[in-house]
Structure formats: structure tokens, C-alpha cells
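Asks: Structure supplied as structure_33.cif; contents: mmCIF, C-alpha atoms.
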data_entry
#
loop_
_atom_site.label_atom_id
_atom_site.label_comp_id
_atom_site.auth_asym_id
_atom_site.auth_seq_id
_atom_site.Cartn_x
_atom_site.Cartn_y
_atom_site.Cartn_z
CA GLN A 1 0.30 -22.66 -6.28
CA VAL A 2 0.35 -20.31 -3.33
CA GLN A 3 -1.96 -20.70 -0.37
CA LEU A 4 -2.90 -17.67 1.72
CA VAL A 5 -4.51 -17.66 5.15
CA GLU A 6 -5.62 -14.44 6.82
CA SER A 7 -6.19 -13.89 10.50
CA GLY A 8 -6.55 -11.09 13.00
CA GLY A 9 -9.94 -9.65 12.15
CA GLY A 10 -12.58 -8.91 14.75
CA LEU A 11 -14.86 -6.36 16.34
CA VAL A 12 -13.21 -3.15 17.49
CA GLN A 13 -14.38 0.28 18.57
CA ALA A 14 -13.78 3.32 16.43
CA GLY A 15 -10.36 4.77 17.12
CA GLY A 16 -8.85 1.38 17.92
CA SER A 17 -6.26 -0.64 16.05
CA LEU A 18 -5.97 -4.07 14.51
CA ARG A 19 -3.18 -6.05 12.93
CA LEU A 20 -4.15 -8.48 10.22
CA SER A 21 -1.84 -11.31 9.22
CA CYS A 22 -1.56 -13.26 6.00
CA ALA A 23 0.52 -16.41 5.99
CA ALA A 24 1.72 -17.60 2.59
CA ALA A 25 2.60 -21.21 1.84
CA GLY A 26 3.50 -23.24 -1.23
CA ARG A 27 5.47 -21.69 -4.08
CA THR A 28 6.23 -18.51 -2.17
CA PHE A 29 9.48 -18.06 -4.10
CA SER A 30 7.34 -17.16 -7.12
CA ILE A 31 5.61 -14.22 -5.43
CA TYR A 32 6.25 -10.80 -6.95
CA ALA A 33 3.93 -8.82 -4.70
CA MET A 34 1.26 -9.25 -2.08
CA GLY A 35 -1.65 -6.99 -1.46
CA TRP A 36 -4.55 -6.34 0.86
CA PHE A 37 -8.00 -5.58 -0.44
CA ARG A 38 -11.32 -5.08 1.32
CA GLN A 39 -14.93 -5.48 0.39
CA ALA A 40 -17.83 -3.94 2.24
CA PRO A 41 -21.40 -5.18 1.76
CA GLY A 42 -22.80 -4.02 -1.55
CA LYS A 43 -19.50 -2.53 -2.69
CA GLU A 44 -16.73 -3.57 -5.01
CA ARG A 45 -13.51 -4.98 -3.69
CA GLU A 46 -11.01 -2.17 -3.23
CA PHE A 47 -7.25 -1.99 -2.90
CA VAL A 48 -5.83 -0.84 0.44
CA ALA A 49 -2.14 -1.82 0.43
CA ALA A 50 0.56 -3.78 -1.37
CA ILE A 51 4.18 -4.70 -0.87
CA SER A 52 6.78 -5.76 -3.39
CA TRP A 53 8.39 -9.05 -2.42
CA ARG A 54 11.82 -8.23 -3.78
CA ASP A 55 12.46 -4.74 -2.42
CA SER A 56 9.60 -4.29 0.08
CA ASN A 57 8.35 -1.14 -1.62
CA THR A 58 4.87 -0.32 -0.33
CA TYR A 59 1.83 1.14 -2.02
CA TYR A 60 -1.35 2.68 -0.60
CA PRO A 61 -4.32 4.58 -1.94
CA ASP A 62 -4.65 8.12 -0.62
CA SER A 63 -7.75 7.10 1.32
CA VAL A 64 -5.76 5.01 3.84
CA LYS A 65 -2.31 6.61 3.83
CA GLY A 66 -1.16 7.36 7.33
CA ARG A 67 -3.51 4.82 8.95
CA PHE A 68 -2.65 1.57 7.16
CA THR A 69 0.81 0.02 7.15
CA ILE A 70 1.80 -3.14 5.27
CA THR A 71 4.91 -5.01 6.32
CA ARG A 72 6.50 -8.33 5.56
CA ASP A 73 8.15 -10.88 7.77
CA ASN A 74 10.98 -12.00 5.50
CA ALA A 75 11.73 -15.06 7.55
CA GLY A 76 8.23 -16.42 7.70
CA ASN A 77 6.48 -15.46 4.46
CA THR A 78 3.89 -13.54 6.41
CA VAL A 79 2.48 -10.15 5.49
CA TYR A 80 0.84 -7.87 8.02
CA LEU A 81 -1.60 -5.01 7.74
CA GLN A 82 -1.59 -2.64 10.69
CA ILE A 83 -4.71 -0.50 10.80
CA ASN A 84 -4.83 2.42 13.20
CA SER A 85 -7.51 4.97 14.05
CA LEU A 86 -10.20 2.61 12.80
CA LYS A 87 -13.40 4.13 11.45
CA PRO A 88 -16.82 2.54 10.98
CA GLU A 89 -16.30 2.88 7.22
CA ASP A 90 -13.35 0.49 7.52
CA THR A 91 -15.85 -2.29 8.21
CA ALA A 92 -15.35 -4.93 5.53
CA VAL A 93 -13.99 -8.35 4.76
CA TYR A 94 -10.26 -7.97 4.27
CA TYR A 95 -8.56 -10.21 1.73
CA CYS A 96 -4.91 -10.98 1.19
CA ALA A 97 -3.73 -11.62 -2.38
CA ALA A 98 -0.53 -12.57 -4.15
CA THR A 99 0.75 -12.38 -7.68
CA PRO A 100 3.74 -13.97 -9.39
CA ARG A 101 3.64 -11.47 -12.23
CA PRO A 102 5.69 -8.26 -12.31
CA LEU A 103 3.31 -5.34 -11.99
CA THR A 104 3.58 -1.65 -12.66
CA VAL A 105 2.57 0.86 -10.02
CA GLY A 106 -0.68 1.32 -11.85
CA GLN A 107 -1.41 -2.39 -12.03
CA ILE A 108 -0.64 -3.22 -8.41
CA THR A 109 -4.03 -1.85 -7.32
CA ASP A 110 -5.98 -4.01 -9.79
CA THR A 111 -7.69 -7.09 -8.32
CA ARG A 112 -7.50 -8.80 -11.73
CA ARG A 113 -3.68 -8.87 -11.55
CA TYR A 114 -3.63 -11.14 -8.50
CA ASP A 115 -3.73 -14.92 -8.95
CA TYR A 116 -4.03 -16.12 -5.39
CA TRP A 117 -6.48 -15.07 -2.70
CA GLY A 118 -7.14 -15.90 0.90
CA GLN A 119 -10.55 -16.62 2.35
CA GLY A 120 -10.86 -13.21 3.98
CA THR A 121 -11.14 -11.97 7.54
CA GLN A 122 -13.98 -9.82 8.84
CA VAL A 123 -13.23 -6.44 10.39
CA THR A 124 -16.12 -4.69 12.09
CA VAL A 125 -15.73 -1.23 13.58
CA SER A 126 -18.40 0.01 15.96
CA SER A 127 -19.09 3.70 16.45
#
Can the structure in the file be given as C-alpha cells, please?

Replies:
Amino acid sequence: QVQLVESGGGLVQAGGSLRLSCAAAGRTFSIYAMGWFRQAPGKEREFVAAISWRDSNTYYPDSVKGRFTITRDNAGNTVYLQINSLKPEDTAVYYCAATPRPLTVGQITDTRRYDYWGQGTQVTVSS
């Protein structure tokens, strides 16, 4: 089992920045990749970033490229999501997820491929 705990959400004005953290514990040696997803009210959960545990390759959808950056603290099993130039449409609950299974580039964006999820952290962007 892998336990994930997110932190760093909050209320921020449009144009500001936030850094979300996700601390992993338990069988972290089994992790293949970790990802960040978000879910706004009334919408499906969507992929925003992922990082491969072995080689730290990163993946983003076009909608957030240039504003979102995922990084990993190799020493502490913590993954970060830096969000810059925040927009009101970034308002959502942000979830961290992990998978022990090797994924293709196409699969890494699929919520169904991730076995472990955190409880989520709310990000609210005011205009």
C-alpha cells in the first residue's frame, strides 16, 4: 500500500502562484509514476501532470503546459506541483495519485490506471 497526503492548497488571486505537495509513504519503492489530477464542481476529474519515478520524465496536457510544473524530491518521496499564472478556471480540488504499474504515455493520463489517491486539496482562484 501507498499512502498519499496532499497539502498547499488555498485561496489565491488570479495571476498568483501556488505550490502543492504530495507526500508518499508506505511501499514507495513500488511506485512507477505519480500524477496530479483536478476536479472542478460538476466536471470529471482531469489529468494535469505526471512524473515517472525512475527517470523523472514529466507529462502535461497542452492546457497547462508552461504554467504547471511537476517535480520530485528524490530524498523525501514528495512530489510537488508548481502552478503559476493562476486563472479562475484552475479552481478545483487537486488530487495526487500513484501507480505501481508501468504505463505508456497514453495511459499516464488515465485516472483508472492509478491505484492510490490522496484526499485532495482545494485550490480556489479569485478573479

Asks: Considering all atoms listed in the file, state which residue in the set A:Asn74, A:Ser21, A:Gln13, A:Gln3 is at the smallest distance from Ser52 (chain A).

Replies: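 With all atoms listed in the file as the atom set, the closest residue is A:Asn74.
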
Asks: Can you pull out every residue within 9 Å of Leu18 (chain A), counting only C-alpha atoms, but drop anything in the same chain fewer than 5 positions away, and send it as a list in words?

Replies: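 Close residues of Leu18 (chain A): Gly8, Gly9, Gly10, Val12, Leu81, Gln82, Ile83, Asn84, Leu86 and Val123 of chain A.
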
Asks: Pick out the closest residue to Ser56 (chain A) from this set: A:Val125, A:Leu11, A:Val5, A:Ile70. Count all atoms listed in the file.

Replies: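 Closest to Ser56 (chain A) of all the choices is A:Ile70.
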
Asks: Out of A:Ala24, A:Arg67, A:Tyr59, A:Gln39, which residue has the shortest atom-to-atom distance to Gly106 (chain A) when counting only C-alpha atoms?

Replies: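 Checking each candidate against Gly106 (chain A), we get A:Tyr59 as the closest.
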
Asks: Enter the distance from CA of Ala97 (chain A) to CA of Ser85 (chain A), in Å, rounded to one decimal.

Replies: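 Pair CA of Ala97 (chain A) / CA of Ser85 (chain A) returns 23.7 Å.
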
Asks: Select, from A:Tyr114, A:Val93, A:Gln122, A:Ser7, the residue with the minimum atom-to-atom distance to Gly42 (chain A), counting all atoms listed in the file.

Replies: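 Ranked by minimum distance to Gly42 (chain A), first place goes to A:Val93.
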
Asks: For this structure, which residues satisfy the selection - the PyMOL selection byres ((chain A and resi 116) around 10) - when it is evaluated on the file as given? I want them as a PyMOL selection string.

Replies: chain A and resi 1-4+24+31+34+96-100+113-115+117-118

Asks: If I take CA of Lys65 (chain A) and CA of Phe37 (chain A), how far is one from the other in Å, to one decimal?

Replies: 14.1 Å
